[in-house]
Amino acid sequence: MSEEQIDQQVGDVALEEVPEHFDGEFPIVITGLTTAFGENVVHEGLDLEVRRGEVLGVVGGSGTGKSVLMRAIIGLQPVAAGCIEVFGKDITAAEPDEEIGVRSRWGVLFQGGALFSTLTVGENVEVPLKQFYPELDQELMHEIARYKVVLSGLPEDAASKYPSELSGGMKKRAGLARALALDPELLFLDEPTAGLDPIGAAKFDELTRELAETLGLTVFLITHDLDTLYAICDRVAVLADKKVIAVGTIPELLESDHPWIQEYFNGPRGRAAQASTARSKSIDKRDRAGA
Ligand SMILES: Nc1ncnc2c1ncn2[C@@H]1O[C@H](COP(=O)(O)OP(=O)(O)O)[C@@H](O)[C@H]1O
Ligand SMILES: [Mg+2]
């Protein structure tokens, strides 16, 4: 299928109307966010800005509300107070399925991956395509799905396999392929390397960074993997005490005397990750110098 034909099919999707105050610099702006499940207040007065083009790591102890925050940003979590603007549109003011012109601009890899087990990998990737572009013809849909599968580092024949036929690492890549189905500008990854062995995790990190750079993505990356933070994140946001207590580069965060931050980054695992990053950086330098 020619590019022109693709344009004809995809091009009639209405151009987004851009809110006047939105200059594109911060695709996500959260102010004064409060969320709760009954008595259990998860976030209270949380603020966060995500910069265009950055890989933002989001860390925090288990149960601090990282996944709930992500769900709130994509409009799946009711919000008790505050405002979340995504591409300048207030998500909290809309129903989860209301057409607001921004939902096709993000892709999500949920915690655990959650592929449809009765669909092949290719069919999984087609799910969001069918949802947002039901008028696309089958052949084009297959073609796009195959392309995303390969883009995510899977062999082309993985498209016709079922999730149960894939290894853990391949499943994550399949989930990533589905998250990339709509050519998103924003990519949400919720603990993508959890459950992978260190080599698989490092490869997935590398892929994430490469895709972010080549596709110009803004990435909201929830993780507790210190190696991931050091290897691919531009900044890190720390969730604690129902808020984002700090956001910055790792050296900036190390200046903080918040006990959780100190324990996390300067505890034994934090130091090990620091040391291994320093080692691999000096190896990179030697390689570049042609030694
Ligand atoms: N569907 C739900 N119903 C009730 N409570 C929930 C639900 N989802 C999350 N929570 C609660 O919200 C808090 C934050 O959860 P979550 O965002 O999943 O934490 P994490 O930072 O580990 O991702 C936890 O106290 C959890 O028990
Ligand atoms: Mg979680």
# chains A, B, ... in the order shown; residues from 1 in each chain; ligands from 1

$ select_by_dssp --residues "region 95-286 of chain A" --states "alpha helix (DSSP H)" --output "JSON, numbers by chain"
{"A": [121, 122, 123, 124, 125, 126, 127, 128, 129, 130, 131, 132, 138, 139, 140, 141, 142, 143, 144, 145, 146, 147, 148, 149, 150, 151, 168, 169, 170, 171, 172, 173, 174, 175, 176, 177, 178, 179, 198, 199, 200, 201, 202, 203, 204, 205, 206, 207, 208, 209, 210, 211, 212, 213, 214, 215, 226, 227, 228, 229, 230, 231, 232, 250, 251, 252, 253, 254, 259, 260, 261, 262, 263, 264, 265, 266, 268, 269, 270, 271, 272, 273, 274, 275, 276, 277, 278, 279, 280, 281, 282, 283, 284, 285, 286]}

$ closest_atom_pairs --of "region 39-127 of chain A" --to "region 213-225 of chain A" --cutoff "9 Å" --atoms "only C-alpha atoms" --output "Markdown table"
| residue | atom | partner | partner_atom | distance |
| --- | --- | --- | --- | --- |
| A:Val50 | CA | A:Phe220 | CA | 8.0 |
| A:Arg51 | CA | A:Thr218 | CA | 7.4 |
| A:Arg52 | CA | A:Thr218 | CA | 5.6 |
| A:Gly53 | CA | A:Thr218 | CA | 4.3 |
| A:Glu54 | CA | A:Thr218 | CA | 5.1 |
| A:Val55 | CA | A:Val219 | CA | 4.6 |
| A:Leu56 | CA | A:Phe220 | CA | 5.2 |
| A:Gly57 | CA | A:Leu221 | CA | 4.8 |
| A:Val58 | CA | A:Ile222 | CA | 4.5 |
| A:Val59 | CA | A:Thr223 | CA | 5.8 |
| A:Gly60 | CA | A:His224 | CA | 7.4 |
| A:Gly61 | CA | A:His224 | CA | 8.2 |
| A:Ser62 | CA | A:His224 | CA | 9.0 |
| A:Lys66 | CA | A:Ile222 | CA | 6.8 |
| A:Ser67 | CA | A:Ile222 | CA | 7.7 |
| A:Met70 | CA | A:Phe220 | CA | 8.3 |

$ write_last_selection --atoms "C-alpha atoms" --output "CSV table (one decimal), in the first residue's frame"
chain,number,residue,atom,x,y,z
A,50,VAL,CA,6.4,16.2,32.4
A,51,ARG,CA,8.6,17.8,29.8
A,52,ARG,CA,8.3,17.1,26.1
A,53,GLY,CA,10.8,14.5,24.9
A,54,GLU,CA,12.1,13.4,28.2
A,55,VAL,CA,12.2,9.9,29.7
A,56,LEU,CA,10.8,10.5,33.2
A,57,GLY,CA,11.4,7.8,35.7
A,58,VAL,CA,8.7,7.5,38.4
A,59,VAL,CA,9.7,5.8,41.6
A,60,GLY,CA,8.3,5.3,45.1
A,61,GLY,CA,7.7,2.5,47.5
A,62,SER,CA,5.2,-0.2,46.8
A,66,LYS,CA,2.4,5.1,41.0
A,67,SER,CA,0.0,3.0,39.0
A,70,MET,CA,-0.7,6.8,35.7

$ residues_near_ligand --ligand "ligand 1" --cutoff "12 Å" --atoms "only C-alpha atoms and all ligand atoms" --output "ChimeraX atom specification"
/A:34-43,58-72,76-78,110-112,189-191,221-224,238-244

$ closest_residue --among "A:Ala201, A:Ala194, A:Gly24, A:Ala145" --to "ligand 2" --atoms "only C-alpha atoms and all ligand atoms"
A:Ala194

$ select_by_dssp --residues "region 185-275 of chain A" --states "strand (DSSP E)" --output "list in words"
Leu186, Leu187, Phe188, Leu189, Asp190, Thr218, Val219, Phe220, Leu221, Ile222, Arg235, Val236, Ala237, Val238, Leu239, Ala240, Lys243, Val244, Ile245, Ala246, Val247 and Gly248 of chain A

$ closest_residue --among "A:Thr228, A:Gln274, A:Gln138, A:Ser167" --to "Leu254 (chain A)" --atoms "only C-alpha atoms"
A:Gln274

$ closest_residue --among "A:Glu98, A:Ser152, A:Gly45, A:Leu182" --to "Lys130 (chain A)" --atoms "only C-alpha atoms"
A:Leu182

$ residues_around --residues "Ala275 (chain A)" --least-positions-apart "3" --cutoff "12 Å" --atoms "only C-alpha atoms" --output "PDB file with N, CA and C atoms, in the first residue's frame"
ATOM      1  N   LEU A 226      16.678   0.301  39.695  1.00  0.00           N
ATOM      2  CA  LEU A 226      17.680   1.370  39.759  1.00  0.00           C
ATOM      3  C   LEU A 226      18.549   1.429  38.516  1.00  0.00           C
ATOM      4  N   ASP A 227      18.848   0.256  37.956  1.00  0.00           N
ATOM      5  CA  ASP A 227      19.667   0.257  36.741  1.00  0.00           C
ATOM      6  C   ASP A 227      18.955   1.013  35.624  1.00  0.00           C
ATOM      7  N   TYR A 230      19.292   4.794  36.118  1.00  0.00           N
ATOM      8  CA  TYR A 230      20.602   5.307  35.728  1.00  0.00           C
ATOM      9  C   TYR A 230      20.812   5.222  34.223  1.00  0.00           C
ATOM     10  N   ALA A 231      20.320   4.150  33.616  1.00  0.00           N
ATOM     11  CA  ALA A 231      20.645   3.910  32.212  1.00  0.00           C
ATOM     12  C   ALA A 231      19.860   4.806  31.260  1.00  0.00           C
ATOM     13  N   PHE A 265      18.565   5.708  46.946  1.00  0.00           N
ATOM     14  CA  PHE A 265      19.702   5.933  46.041  1.00  0.00           C
ATOM     15  C   PHE A 265      21.053   5.660  46.702  1.00  0.00           C
ATOM     16  N   ASN A 266      21.112   5.825  48.000  1.00  0.00           N
ATOM     17  CA  ASN A 266      22.397   5.639  48.678  1.00  0.00           C
ATOM     18  C   ASN A 266      22.471   4.364  49.495  1.00  0.00           C
ATOM     19  N   PRO A 268      22.566   0.090  49.706  1.00  0.00           N
ATOM     20  CA  PRO A 268      23.507  -0.806  49.010  1.00  0.00           C
ATOM     21  C   PRO A 268      23.162  -1.016  47.535  1.00  0.00           C
ATOM     22  N   ARG A 269      21.866  -1.181  47.220  1.00  0.00           N
ATOM     23  CA  ARG A 269      21.514  -1.428  45.809  1.00  0.00           C
ATOM     24  C   ARG A 269      21.730  -0.174  44.973  1.00  0.00           C
ATOM     25  N   GLY A 270      21.403   0.964  45.565  1.00  0.00           N
ATOM     26  CA  GLY A 270      21.598   2.234  44.865  1.00  0.00           C
ATOM     27  C   GLY A 270      23.053   2.455  44.528  1.00  0.00           C
ATOM     28  N   ARG A 271      23.921   2.146  45.502  1.00  0.00           N
ATOM     29  CA  ARG A 271      25.359   2.335  45.272  1.00  0.00           C
ATOM     30  C   ARG A 271      25.877   1.382  44.206  1.00  0.00           C
ATOM     31  N   ALA A 272      25.351   0.151  44.223  1.00  0.00           N
ATOM     32  CA  ALA A 272      25.789  -0.829  43.226  1.00  0.00           C
ATOM     33  C   ALA A 272      25.402  -0.357  41.824  1.00  0.00           C
ATOM     34  N   ALA A 278      28.822   3.924  36.365  1.00  0.00           N
ATOM     35  CA  ALA A 278      30.113   4.592  36.218  1.00  0.00           C
ATOM     36  C   ALA A 278      31.069   3.710  35.423  1.00  0.00           C
ATOM     37  N   ARG A 279      31.048   2.380  35.744  1.00  0.00           N
ATOM     38  CA  ARG A 279      31.912   1.449  35.011  1.00  0.00           C
ATOM     39  C   ARG A 279      31.578   1.410  33.539  1.00  0.00           C
ATOM     40  N   SER A 280      30.264   1.266  33.215  1.00  0.00           N
ATOM     41  CA  SER A 280      29.930   1.115  31.795  1.00  0.00           C
ATOM     42  C   SER A 280      30.175   2.422  31.057  1.00  0.00           C
ATOM     43  N   LYS A 281      30.032   3.562  31.740  1.00  0.00           N
ATOM     44  CA  LYS A 281      30.328   4.834  31.076  1.00  0.00           C
ATOM     45  C   LYS A 281      31.810   4.939  30.748  1.00  0.00           C
ATOM     46  N   SER A 282      32.663   4.450  31.665  1.00  0.00           N
ATOM     47  CA  SER A 282      34.085   4.575  31.371  1.00  0.00           C
ATOM     48  C   SER A 282      34.486   3.589  30.278  1.00  0.00           C
TER      49      SER A 282
END

$ atom_distance --atom1 "CA of Thr31 (chain A)" --atom2 "CA of Phe87 (chain A)"
14.3 Å
